[in-house]
$ cat coords.cif   # mmCIF, C-alpha atoms and all ligand atoms
data_data
loop_
_atom_site.group_PDB
_atom_site.id
_atom_site.type_symbol
_atom_site.label_atom_id
_atom_site.label_comp_id
_atom_site.auth_asym_id
_atom_site.auth_seq_id
_atom_site.Cartn_x
_atom_site.Cartn_y
_atom_site.Cartn_z
ATOM 1 C CA MET A 1 -6.392 11.143 -4.454
ATOM 2 C CA ILE A 2 -9.940 10.080 -3.666
ATOM 3 C CA ALA A 3 -12.797 12.103 -2.179
ATOM 4 C CA PRO A 4 -12.162 12.804 1.536
ATOM 5 C CA LEU A 5 -13.413 9.964 3.728
ATOM 6 C CA PRO A 6 -15.640 10.456 6.750
ATOM 7 C CA ILE A 7 -13.616 11.231 9.864
ATOM 8 C CA ARG A 8 -15.194 10.812 13.296
ATOM 9 C CA PRO A 9 -14.262 10.374 16.956
ATOM 10 C CA ALA A 10 -13.489 6.747 17.778
ATOM 11 C CA THR A 11 -15.659 4.814 20.224
ATOM 12 C CA ALA A 12 -15.213 1.552 22.104
ATOM 13 C CA VAL A 13 -16.504 -0.434 19.125
ATOM 14 C CA ASP A 14 -13.460 0.749 17.120
ATOM 15 C CA VAL A 15 -10.834 -0.624 19.506
ATOM 16 C CA ALA A 16 -10.106 -3.859 17.625
ATOM 17 C CA ALA A 17 -9.943 -2.035 14.281
ATOM 18 C CA ILE A 18 -7.618 0.638 15.695
ATOM 19 C CA ALA A 19 -5.313 -2.080 17.054
ATOM 20 C CA ASP A 20 -5.339 -3.829 13.682
ATOM 21 C CA VAL A 21 -4.545 -0.730 11.577
ATOM 22 C CA CYS A 22 -1.897 0.572 14.004
ATOM 23 C CA GLY A 23 -0.279 -2.848 14.324
ATOM 24 C CA ARG A 24 -0.010 -3.491 10.588
ATOM 25 C CA ALA A 25 1.132 0.049 9.736
ATOM 26 C CA THR A 26 3.681 0.021 12.575
ATOM 27 C CA ARG A 27 5.187 -3.277 11.379
ATOM 28 C CA LEU A 28 5.565 -1.901 7.866
ATOM 29 C CA ALA A 29 6.975 1.480 8.896
ATOM 30 C CA TYR A 30 9.404 0.212 11.580
ATOM 31 C CA ALA A 31 10.653 -2.969 9.903
ATOM 32 C CA GLY A 32 14.435 -2.716 9.678
ATOM 33 C CA LEU A 33 14.555 0.448 11.818
ATOM 34 C CA VAL A 34 14.182 -1.322 15.185
ATOM 35 C CA SER A 35 14.602 -4.885 16.446
ATOM 36 C CA ASP A 36 11.747 -7.379 16.077
ATOM 37 C CA ASP A 37 11.478 -7.466 19.853
ATOM 38 C CA TYR A 38 11.210 -3.660 20.049
ATOM 39 C CA LEU A 39 8.481 -3.741 17.416
ATOM 40 C CA ALA A 40 6.537 -6.382 19.345
ATOM 41 C CA ARG A 41 6.855 -4.357 22.567
ATOM 42 C CA VAL A 42 5.651 -1.145 20.878
ATOM 43 C CA ILE A 43 2.570 -2.883 19.522
ATOM 44 C CA ALA A 44 1.784 -4.715 22.774
ATOM 45 C CA HIS A 45 2.265 -1.601 24.927
ATOM 46 C CA TRP A 46 0.474 1.046 22.851
ATOM 47 C CA TYR A 47 -2.142 -0.921 20.955
ATOM 48 C CA GLY A 48 -3.252 -3.524 23.474
ATOM 49 C CA HIS A 49 -6.990 -3.880 24.038
ATOM 50 C CA GLU A 50 -6.961 -2.587 27.624
ATOM 51 C CA ARG A 51 -5.024 0.604 26.894
ATOM 52 C CA LEU A 52 -7.022 1.439 23.774
ATOM 53 C CA THR A 53 -10.299 0.874 25.596
ATOM 54 C CA ARG A 54 -9.112 3.261 28.318
ATOM 55 C CA GLU A 55 -7.843 5.875 25.879
ATOM 56 C CA VAL A 56 -10.609 5.853 23.323
ATOM 57 C CA ASP A 57 -12.480 8.549 25.235
ATOM 58 C CA ALA A 58 -11.241 12.129 25.318
ATOM 59 C CA SER A 59 -10.156 13.940 28.501
ATOM 60 C CA PRO A 60 -9.077 17.579 29.015
ATOM 61 C CA GLU A 61 -5.463 16.764 27.999
ATOM 62 C CA TRP A 62 -6.221 14.024 25.490
ATOM 63 C CA PHE A 63 -8.391 14.763 22.466
ATOM 64 C CA GLY A 64 -9.112 11.063 21.934
ATOM 65 C CA PHE A 65 -8.670 8.894 18.872
ATOM 66 C CA THR A 66 -10.069 9.932 15.518
ATOM 67 C CA VAL A 67 -10.774 7.402 12.780
ATOM 68 C CA ALA A 68 -11.140 7.705 9.005
ATOM 69 C CA VAL A 69 -13.689 5.232 7.695
ATOM 70 C CA ARG A 70 -14.234 3.642 4.303
ATOM 71 C CA ASP A 71 -17.167 1.283 3.707
ATOM 72 C CA ASP A 72 -17.642 0.919 7.474
ATOM 73 C CA HIS A 73 -13.984 -0.098 7.938
ATOM 74 C CA VAL A 74 -11.408 1.927 9.861
ATOM 75 C CA VAL A 75 -8.599 2.824 7.442
ATOM 76 C CA GLY A 76 -6.856 5.616 9.381
ATOM 77 C CA VAL A 77 -6.240 6.467 13.035
ATOM 78 C CA ALA A 78 -5.024 9.643 14.743
ATOM 79 C CA GLY A 79 -4.531 10.279 18.453
ATOM 80 C CA THR A 80 -3.849 13.840 19.566
ATOM 81 C CA GLY A 81 -3.567 15.642 22.900
ATOM 82 C CA LEU A 82 -1.723 18.334 24.793
ATOM 83 C CA ALA A 83 2.072 18.130 24.793
ATOM 84 C CA ASP A 84 4.205 19.127 27.790
ATOM 85 C CA SER A 85 3.435 22.784 27.201
ATOM 86 C CA ALA A 86 -0.195 23.935 27.265
ATOM 87 C CA ALA A 87 0.544 25.965 24.100
ATOM 88 C CA THR A 88 1.477 22.873 22.121
ATOM 89 C CA SER A 89 -0.482 19.833 21.076
ATOM 90 C CA GLU A 90 1.018 16.592 19.821
ATOM 91 C CA LEU A 91 -0.024 13.984 17.336
ATOM 92 C CA PHE A 92 0.912 10.913 19.364
ATOM 93 C CA THR A 93 -0.526 8.392 16.896
ATOM 94 C CA LEU A 94 -1.001 8.567 13.145
ATOM 95 C CA TYR A 95 -1.450 5.424 11.081
ATOM 96 C CA VAL A 96 -3.115 4.742 7.761
ATOM 97 C CA ASP A 97 -3.912 1.208 6.625
ATOM 98 C CA PRO A 98 -1.005 0.205 4.336
ATOM 99 C CA ALA A 99 -3.500 -0.707 1.588
ATOM 100 C CA CYS A 100 -4.952 2.820 1.677
ATOM 101 C CA GLN A 101 -1.837 4.991 1.917
ATOM 102 C CA ARG A 102 -1.193 7.841 -0.540
ATOM 103 C CA HIS A 103 -4.915 8.642 -0.900
ATOM 104 C CA GLY A 104 -4.943 11.789 1.227
ATOM 105 C CA ILE A 105 -6.210 10.084 4.402
ATOM 106 C CA GLY A 106 -3.190 11.085 6.488
ATOM 107 C CA ARG A 107 -3.515 14.688 5.309
ATOM 108 C CA SER A 108 -7.220 14.729 6.274
ATOM 109 C CA LEU A 109 -6.380 13.383 9.736
ATOM 110 C CA ILE A 110 -3.777 16.145 10.138
ATOM 111 C CA GLU A 111 -6.381 18.779 9.239
ATOM 112 C CA HIS A 112 -8.679 17.305 11.865
ATOM 113 C CA ALA A 113 -5.901 17.283 14.480
ATOM 114 C CA LEU A 114 -5.182 20.938 13.667
ATOM 115 C CA ALA A 115 -8.856 21.815 14.192
ATOM 116 C CA GLN A 116 -8.834 19.959 17.529
ATOM 117 C CA SER A 117 -5.666 21.854 18.485
ATOM 118 C CA VAL A 118 -7.234 25.212 17.663
ATOM 119 C CA ALA A 119 -10.308 24.283 19.720
ATOM 120 C CA ALA A 120 -7.990 23.396 22.636
ATOM 121 C CA GLY A 121 -6.200 26.750 22.316
ATOM 122 C CA THR A 122 -2.775 25.476 21.303
ATOM 123 C CA THR A 123 -0.676 27.418 18.829
ATOM 124 C CA SER A 124 1.444 24.594 17.446
ATOM 125 C CA LEU A 125 1.068 20.895 16.649
ATOM 126 C CA GLN A 126 4.055 18.562 16.947
ATOM 127 C CA ALA A 127 4.717 15.031 15.746
ATOM 128 C CA ALA A 128 7.679 12.748 16.468
ATOM 129 C CA VAL A 129 9.129 10.300 13.952
ATOM 130 C CA LEU A 130 11.720 7.576 14.421
ATOM 131 C CA PRO A 131 15.028 8.297 12.651
ATOM 132 C CA GLY A 132 14.981 6.508 9.293
ATOM 133 C CA ASN A 133 11.230 6.772 8.825
ATOM 134 C CA GLN A 134 11.754 8.872 5.709
ATOM 135 C CA PRO A 135 8.223 8.422 4.316
ATOM 136 C CA ALA A 136 6.742 9.899 7.498
ATOM 137 C CA ALA A 137 9.269 12.752 7.502
ATOM 138 C CA ARG A 138 8.382 13.579 3.886
ATOM 139 C CA PHE A 139 4.701 13.332 4.742
ATOM 140 C CA TYR A 140 4.973 15.869 7.582
ATOM 141 C CA LEU A 141 6.982 18.287 5.432
ATOM 142 C CA ALA A 142 4.353 17.936 2.657
ATOM 143 C CA CYS A 143 1.663 18.757 5.244
ATOM 144 C CA GLY A 144 3.288 22.076 6.184
ATOM 145 C CA PHE A 145 5.377 20.951 9.162
ATOM 146 C CA SER A 146 9.000 22.029 9.704
ATOM 147 C CA TYR A 147 11.765 20.010 11.288
ATOM 148 C CA LEU A 148 12.294 21.210 14.887
ATOM 149 C CA GLY A 149 15.089 18.911 16.074
ATOM 150 C CA GLU A 150 15.757 15.743 18.053
ATOM 151 C CA ARG A 151 14.547 14.795 21.501
ATOM 152 C CA PRO A 152 15.085 11.745 23.711
ATOM 153 C CA ILE A 153 12.730 8.954 22.755
ATOM 154 C CA TYR A 154 9.802 8.292 25.086
ATOM 155 C CA ALA A 155 9.878 4.530 25.476
ATOM 156 C CA PRO A 156 7.799 3.119 28.338
ATOM 157 C CA HIS A 157 7.705 -0.037 26.182
ATOM 158 C CA GLY A 158 11.476 -0.382 26.782
ATOM 159 C CA ALA A 159 14.222 1.394 24.858
ATOM 160 C CA ALA A 160 16.405 -1.652 24.033
ATOM 161 C CA GLY A 161 16.583 -2.386 20.316
ATOM 162 C CA GLY A 162 15.390 1.073 19.292
ATOM 163 C CA PRO A 163 16.812 4.564 18.740
ATOM 164 C CA ALA A 164 17.792 6.962 21.536
ATOM 165 C CA THR A 165 16.177 9.986 19.933
ATOM 166 C CA ALA A 166 13.131 10.921 17.862
ATOM 167 C CA LEU A 167 12.870 13.577 15.123
ATOM 168 C CA VAL A 168 10.319 16.253 15.966
ATOM 169 C CA PHE A 169 8.275 18.148 13.388
ATOM 170 C CA THR A 170 6.108 21.167 14.153
ATOM 171 C CA ARG A 171 3.405 23.201 12.479
ATOM 172 C CA SER A 172 1.583 26.334 13.523
ATOM 173 C CA THR A 173 -2.113 25.741 14.100
ATOM 174 C CA GLY A 174 -2.943 29.196 12.690
HETATM 175 C C1 LIG B 201 2.765 8.617 7.164
HETATM 176 C C2 LIG B 201 1.315 8.244 6.824
HETATM 177 C C3 LIG B 201 0.422 8.538 8.046
HETATM 178 C C4 LIG B 201 0.857 9.098 5.636
HETATM 179 O O1 LIG B 201 -0.525 8.833 5.384
HETATM 180 P P1 LIG B 201 -1.100 8.814 3.878
HETATM 181 O O2 LIG B 201 -2.581 8.779 3.935
HETATM 182 O O3 LIG B 201 -0.437 7.745 3.112
HETATM 183 O O4 LIG B 201 -0.582 10.227 3.338
HETATM 184 P P2 LIG B 201 -1.281 11.216 2.281
HETATM 185 O O5 LIG B 201 -1.827 10.419 1.154
HETATM 186 O O6 LIG B 201 -2.223 12.112 3.014
HETATM 187 O O7 LIG B 201 -0.004 12.024 1.783
HETATM 188 C C5 LIG B 201 0.076 13.442 1.735
HETATM 189 C C6 LIG B 201 1.400 13.816 1.121
HETATM 190 O O8 LIG B 201 2.478 13.417 1.999
HETATM 191 C C7 LIG B 201 3.608 12.964 1.207
HETATM 192 N N1 LIG B 201 3.811 11.523 1.431
HETATM 193 C C8 LIG B 201 2.945 10.636 1.985
HETATM 194 N N2 LIG B 201 3.495 9.406 2.039
HETATM 195 C C9 LIG B 201 4.718 9.509 1.478
HETATM 196 C C10 LIG B 201 5.750 8.581 1.222
HETATM 197 N N3 LIG B 201 5.639 7.280 1.541
HETATM 198 N N4 LIG B 201 6.885 9.037 0.636
HETATM 199 C C11 LIG B 201 7.029 10.324 0.296
HETATM 200 N N5 LIG B 201 6.063 11.283 0.497
HETATM 201 C C12 LIG B 201 4.924 10.871 1.096
HETATM 202 C C13 LIG B 201 3.215 13.206 -0.246
HETATM 203 O O9 LIG B 201 3.634 14.526 -0.593
HETATM 204 C C14 LIG B 201 1.700 13.126 -0.189
HETATM 205 O O10 LIG B 201 1.057 13.807 -1.238
HETATM 206 P P3 LIG B 201 0.904 13.067 -2.705
HETATM 207 O O11 LIG B 201 0.450 11.655 -2.442
HETATM 208 O O12 LIG B 201 -0.124 13.918 -3.385
HETATM 209 O O13 LIG B 201 2.272 13.124 -3.314
HETATM 210 C C15 LIG B 201 1.202 6.745 6.407
HETATM 211 O O14 LIG B 201 2.099 6.483 5.371
HETATM 212 C C16 LIG B 201 1.476 5.766 7.542
HETATM 213 O O15 LIG B 201 0.552 5.359 8.252
HETATM 214 N N6 LIG B 201 2.758 5.368 7.696
HETATM 215 C C17 LIG B 201 3.136 4.389 8.691
HETATM 216 C C18 LIG B 201 3.126 4.923 10.092
HETATM 217 C C19 LIG B 201 3.890 6.203 10.302
HETATM 218 O O16 LIG B 201 5.032 6.317 9.886
HETATM 219 N N7 LIG B 201 3.197 7.166 10.973
HETATM 220 C C20 LIG B 201 3.703 8.508 11.208
HETATM 221 C C21 LIG B 201 4.759 8.610 12.200
HETATM 222 S S1 LIG B 201 4.344 7.980 13.778
#
$ encode --input "coords.cif" --output "structure tokens" --more "lines below"
Ligand SMILES: CC(C)(COP(=O)(O)OP(=O)(O)OC[C@H]1O[C@@H](n2cnc3c(N)ncnc32)[C@H](O)[C@@H]1OP(=O)(O)O)[C@@H](O)C(=O)NCCC(=O)NCCS
Amino acid sequence: MIAPLPIRPATAVDVAAIADVCGRATRLAYAGLVSDDYLARVIAHWYGHERLTREVDASPEWFGFTVAVRDDHVVGVAGTGLADSAATSELFTLYVDPACQRHGIGRSLIEHALAQSVAAGTTSLQAAVLPGNQPAARFYLACGFSYLGERPIYAPHGAAGGPATALVFTRSTG
């Protein structure tokens, strides 16, 4: 564990760094869990320059991306917003640079997402994990989340080559 790193809202200048961290962490976490083609589609769909540039700013339903920074480099990314219910927020994106994992950065980003959720008036924060992503499941349990159950996977990138369901974890924001 190192001293907590600065965490700040992302801006347009962070887009390339967000794409880089999310792409590398996704490849590592999903390797062997989904097909190579699925992995490529996930990265192209969610972390392409155009989408990230559009989504870097917050809106009423989307709290925006948050970045953890070390020596002027982005080493962690979180993206949080309202879930289907106005009482629930969801951590849609959470990635820590593989070289910087297990230093408390993910936990700090969760604390920030909880504070954003409280400010938005939601009473619970959810996160979905692909089946088999045991490190992420252990991480969420260690951060005070409980396992809620499975739900159909949301896959606008195309479901072929990936799982049919995701594992959902939840934590009270109080
Ligand atoms: C999951 C992830 C965000 C965790 O971030 P992190 O900065 O490494 O996590 P932290 O250092 O804050 O870990 C907090 C606690 O969670 C648990 N934990 C974290 N990573 C773990 C792992 N690989 N295996 C088991 N437990 C883990 C530990 O209890 C840890 O505390 P400790 O290090 O004192 O034992 C990061 O590993 C990651 O980016 N993974 C790839 C992408 C991913 O799966 N994202 C989440 C689902 S979309």
$ closest_atom_pairs --input "coords.cif" --of "chain A" --to "ligand LIG 201 (chain B)" --cutoff "9 Å" --atoms "only C-alpha atoms and all ligand atoms" --output "CSV"
residue,atom,partner,partner_atom,distance
A:Met1,CA,B:LIG201,O12,6.9
A:Val21,CA,B:LIG201,O15,8.6
A:Cys22,CA,B:LIG201,C18,7.7
A:Arg24,CA,B:LIG201,C17,8.7
A:Ala25,CA,B:LIG201,C17,4.9
A:Thr26,CA,B:LIG201,C18,5.5
A:Arg27,CA,B:LIG201,C17,8.4
A:Leu28,CA,B:LIG201,C17,6.8
A:Ala29,CA,B:LIG201,C17,4.8
A:Tyr30,CA,B:LIG201,O16,7.7
A:Gly76,CA,B:LIG201,O15,7.5
A:Val77,CA,B:LIG201,O15,8.4
A:Ala78,CA,B:LIG201,C3,8.7
A:Leu91,CA,B:LIG201,S1,8.2
A:Phe92,CA,B:LIG201,S1,7.2
A:Thr93,CA,B:LIG201,S1,5.8
A:Leu94,CA,B:LIG201,N7,4.9
A:Tyr95,CA,B:LIG201,O15,3.5
A:Val96,CA,B:LIG201,O15,3.8
A:Asp97,CA,B:LIG201,O15,6.3
A:Pro98,CA,B:LIG201,O15,6.7
A:Cys100,CA,B:LIG201,O2,6.8
A:Gln101,CA,B:LIG201,O3,3.3
A:Arg102,CA,B:LIG201,O5,3.1
A:His103,CA,B:LIG201,O5,4.1
A:Gly104,CA,B:LIG201,O6,3.3
A:Ile105,CA,B:LIG201,O2,3.9
A:Gly106,CA,B:LIG201,O2,3.5
A:Arg107,CA,B:LIG201,O6,3.7
A:Ser108,CA,B:LIG201,O6,6.5
A:Leu109,CA,B:LIG201,O6,8.0
A:Ile110,CA,B:LIG201,O6,8.3
A:Ala127,CA,B:LIG201,S1,7.3
A:Ala128,CA,B:LIG201,S1,6.4
A:Val129,CA,B:LIG201,C21,5.0
A:Leu130,CA,B:LIG201,C21,7.4
A:Asn133,CA,B:LIG201,O16,6.3
A:Gln134,CA,B:LIG201,N4,7.0
A:Pro135,CA,B:LIG201,N3,4.0
A:Ala136,CA,B:LIG201,C1,4.2
A:Ala137,CA,B:LIG201,C1,7.7
A:Arg138,CA,B:LIG201,N5,4.7
A:Phe139,CA,B:LIG201,O8,3.5
A:Tyr140,CA,B:LIG201,O8,6.6
A:Leu141,CA,B:LIG201,O8,7.5
A:Ala142,CA,B:LIG201,O9,4.8
A:Cys143,CA,B:LIG201,O8,6.3
$ atom_distance --input "coords.cif" --atom1 "atom CA of Ala68 of chain A" --atom2 "atom CA of Thr53 of chain A"
18.0 Å
$ residues_around --input "coords.cif" --residues "Ala17 of chain A" --least-positions-apart "2" --cutoff "10 Å" --atoms "only C-alpha atoms" --output "ChimeraX atom specification"
/A:13-15,19-23,67,73-77
$ resolve_selection --input "coords.cif" --expression "the PyMOL selection byres (((chain A and resi 85-90) around 6) and not hetatm)" --output "VMD selection string"
chain A and resid 80 to 84 91 to 92 122 to 127
$ residues_around --input "coords.cif" --residues "His157 of chain A" --least-positions-apart "5" --cutoff "12 Å" --atoms "all atoms listed in the file" --output "list in words"
Asp37, Tyr38, Leu39, Ala40, Arg41, Val42, Ile43, Ala44, His45, Trp46, Tyr47, Gly48 and Gly162 of chain A
$ write_last_selection --input "coords.cif" --atoms "C-alpha atoms" --output "PDB file, in the coordinates of the input"
ATOM      1  CA  ASP A  37      11.478  -7.466  19.853  1.00  0.00           C
ATOM      2  CA  TYR A  38      11.210  -3.660  20.049  1.00  0.00           C
ATOM      3  CA  LEU A  39       8.481  -3.741  17.416  1.00  0.00           C
ATOM      4  CA  ALA A  40       6.537  -6.382  19.345  1.00  0.00           C
ATOM      5  CA  ARG A  41       6.855  -4.357  22.567  1.00  0.00           C
ATOM      6  CA  VAL A  42       5.651  -1.145  20.878  1.00  0.00           C
ATOM      7  CA  ILE A  43       2.570  -2.883  19.522  1.00  0.00           C
ATOM      8  CA  ALA A  44       1.784  -4.715  22.774  1.00  0.00           C
ATOM      9  CA  HIS A  45       2.265  -1.601  24.927  1.00  0.00           C
ATOM     10  CA  TRP A  46       0.474   1.046  22.851  1.00  0.00           C
ATOM     11  CA  TYR A  47      -2.142  -0.921  20.955  1.00  0.00           C
ATOM     12  CA  GLY A  48      -3.252  -3.524  23.474  1.00  0.00           C
ATOM     13  CA  GLY A 162      15.390   1.073  19.292  1.00  0.00           C
TER      14      GLY A 162
END
$ residues_near_point --input "coords.cif" --point "(6.0, 24.4, 10.5)" --cutoff "6 Å" --atoms "only C-alpha atoms" --output "ChimeraX atom specification"
/A:144-146,170-172
$ atom_distance --input "coords.cif" --atom1 "atom CA of Arg8 of chain A" --atom2 "atom CA of Ala120 of chain A"
17.2 Å
$ residues_near_point --input "coords.cif" --point "(-14.2, 15.0, 12.9)" --cutoff "8 Å" --atoms "only C-alpha atoms" --output "list in words"
Pro6, Ile7, Arg8, Pro9, Thr66 and His112 of chain A
$ decode --input "coords.cif" --residues "segment 16-48 of chain A" --atoms "N, CA and C atoms" --output "mmCIF file, in the first residue's frame"
data_model
loop_
_atom_site.group_PDB
_atom_site.id
_atom_site.type_symbol
_atom_site.label_atom_id
_atom_site.label_comp_id
_atom_site.auth_asym_id
_atom_site.auth_seq_id
_atom_site.Cartn_x
_atom_site.Cartn_y
_atom_site.Cartn_z
ATOM 1 N N ALA A 16 -6.570 9.657 -24.418
ATOM 2 C CA ALA A 16 -5.625 8.636 -24.902
ATOM 3 C C ALA A 16 -5.118 7.775 -23.746
ATOM 4 N N ALA A 17 -4.864 8.395 -22.599
ATOM 5 C CA ALA A 17 -4.367 7.639 -21.444
ATOM 6 C C ALA A 17 -5.441 6.708 -20.888
ATOM 7 N N ILE A 18 -6.687 7.160 -20.891
ATOM 8 C CA ILE A 18 -7.792 6.300 -20.432
ATOM 9 C C ILE A 18 -7.897 5.079 -21.354
ATOM 10 N N ALA A 19 -7.842 5.326 -22.658
ATOM 11 C CA ALA A 19 -7.925 4.216 -23.623
ATOM 12 C C ALA A 19 -6.779 3.229 -23.400
ATOM 13 N N ASP A 20 -5.599 3.753 -23.134
ATOM 14 C CA ASP A 20 -4.430 2.892 -22.939
ATOM 15 C C ASP A 20 -4.576 2.027 -21.677
ATOM 16 N N VAL A 21 -4.926 2.648 -20.555
ATOM 17 C CA VAL A 21 -5.049 1.889 -19.296
ATOM 18 C C VAL A 21 -6.186 0.867 -19.406
ATOM 19 N N CYS A 22 -7.349 1.310 -19.919
ATOM 20 C CA CYS A 22 -8.490 0.390 -20.011
ATOM 21 C C CYS A 22 -8.185 -0.752 -20.978
ATOM 22 N N GLY A 23 -7.531 -0.450 -22.082
ATOM 23 C CA GLY A 23 -7.216 -1.490 -23.054
ATOM 24 C C GLY A 23 -6.276 -2.535 -22.474
ATOM 25 N N ARG A 24 -5.203 -2.087 -21.850
ATOM 26 C CA ARG A 24 -4.225 -3.056 -21.306
ATOM 27 C C ARG A 24 -4.821 -3.861 -20.150
ATOM 28 N N ALA A 25 -5.558 -3.188 -19.261
ATOM 29 C CA ALA A 25 -6.133 -3.913 -18.114
ATOM 30 C C ALA A 25 -7.223 -4.877 -18.570
ATOM 31 N N THR A 26 -7.989 -4.474 -19.587
ATOM 32 C CA THR A 26 -9.036 -5.368 -20.117
ATOM 33 C C THR A 26 -8.411 -6.632 -20.702
ATOM 34 N N ARG A 27 -7.353 -6.451 -21.507
ATOM 35 C CA ARG A 27 -6.704 -7.624 -22.128
ATOM 36 C C ARG A 27 -6.245 -8.609 -21.058
ATOM 37 N N LEU A 28 -5.653 -8.069 -19.997
ATOM 38 C CA LEU A 28 -5.127 -8.939 -18.940
ATOM 39 C C LEU A 28 -6.260 -9.644 -18.186
ATOM 40 N N ALA A 29 -7.308 -8.889 -17.871
ATOM 41 C CA ALA A 29 -8.388 -9.451 -17.048
ATOM 42 C C ALA A 29 -9.246 -10.441 -17.820
ATOM 43 N N TYR A 30 -9.455 -10.200 -19.144
ATOM 44 C CA TYR A 30 -10.392 -11.016 -19.919
ATOM 45 C C TYR A 30 -9.721 -12.154 -20.669
ATOM 46 N N ALA A 31 -8.380 -12.143 -20.739
ATOM 47 C CA ALA A 31 -7.694 -13.173 -21.519
ATOM 48 C C ALA A 31 -8.114 -14.555 -21.021
ATOM 49 N N GLY A 32 -8.565 -15.394 -21.928
ATOM 50 C CA GLY A 32 -8.979 -16.746 -21.552
ATOM 51 C C GLY A 32 -10.433 -16.835 -21.128
ATOM 52 N N LEU A 33 -11.055 -15.699 -20.799
ATOM 53 C CA LEU A 33 -12.469 -15.719 -20.381
ATOM 54 C C LEU A 33 -13.396 -15.512 -21.570
ATOM 55 N N VAL A 34 -12.908 -14.797 -22.584
ATOM 56 C CA VAL A 34 -13.704 -14.511 -23.790
ATOM 57 C C VAL A 34 -12.806 -14.747 -25.004
ATOM 58 N N SER A 35 -13.422 -14.764 -26.197
ATOM 59 C CA SER A 35 -12.613 -14.984 -27.402
ATOM 60 C C SER A 35 -11.774 -13.731 -27.696
ATOM 61 N N ASP A 36 -10.716 -13.921 -28.468
ATOM 62 C CA ASP A 36 -9.868 -12.782 -28.859
ATOM 63 C C ASP A 36 -10.685 -11.731 -29.603
ATOM 64 N N ASP A 37 -11.612 -12.217 -30.425
ATOM 65 C CA ASP A 37 -12.448 -11.303 -31.206
ATOM 66 C C ASP A 37 -13.361 -10.489 -30.281
ATOM 67 N N TYR A 38 -13.922 -11.158 -29.280
ATOM 68 C CA TYR A 38 -14.789 -10.462 -28.305
ATOM 69 C C TYR A 38 -13.996 -9.365 -27.603
ATOM 70 N N LEU A 39 -12.792 -9.738 -27.196
ATOM 71 C CA LEU A 39 -11.906 -8.787 -26.497
ATOM 72 C C LEU A 39 -11.639 -7.562 -27.378
ATOM 73 N N ALA A 40 -11.325 -7.810 -28.641
ATOM 74 C CA ALA A 40 -11.043 -6.703 -29.561
ATOM 75 C C ALA A 40 -12.275 -5.819 -29.732
ATOM 76 N N ARG A 41 -13.465 -6.451 -29.784
ATOM 77 C CA ARG A 41 -14.695 -5.663 -29.964
ATOM 78 C C ARG A 41 -14.995 -4.831 -28.718
ATOM 79 N N VAL A 42 -14.772 -5.396 -27.543
ATOM 80 C CA VAL A 42 -14.998 -4.647 -26.291
ATOM 81 C C VAL A 42 -14.135 -3.393 -26.287
ATOM 82 N N ILE A 43 -12.863 -3.584 -26.601
ATOM 83 C CA ILE A 43 -11.919 -2.454 -26.530
ATOM 84 C C ILE A 43 -12.267 -1.403 -27.591
ATOM 85 N N ALA A 44 -12.576 -1.856 -28.804
ATOM 86 C CA ALA A 44 -12.894 -0.906 -29.877
ATOM 87 C C ALA A 44 -14.184 -0.146 -29.576
ATOM 88 N N HIS A 45 -15.185 -0.863 -29.022
ATOM 89 C CA HIS A 45 -16.486 -0.219 -28.788
ATOM 90 C C HIS A 45 -16.428 0.774 -27.628
ATOM 91 N N TRP A 46 -15.863 0.344 -26.500
ATOM 92 C CA TRP A 46 -15.969 1.141 -25.266
ATOM 93 C C TRP A 46 -14.833 2.132 -25.087
ATOM 94 N N TYR A 47 -13.691 1.838 -25.683
ATOM 95 C CA TYR A 47 -12.522 2.691 -25.401
ATOM 96 C C TYR A 47 -11.943 3.327 -26.662
ATOM 97 N N GLY A 48 -12.793 3.471 -27.670
ATOM 98 C CA GLY A 48 -12.392 4.194 -28.876
ATOM 99 C C GLY A 48 -12.339 5.690 -28.583
#
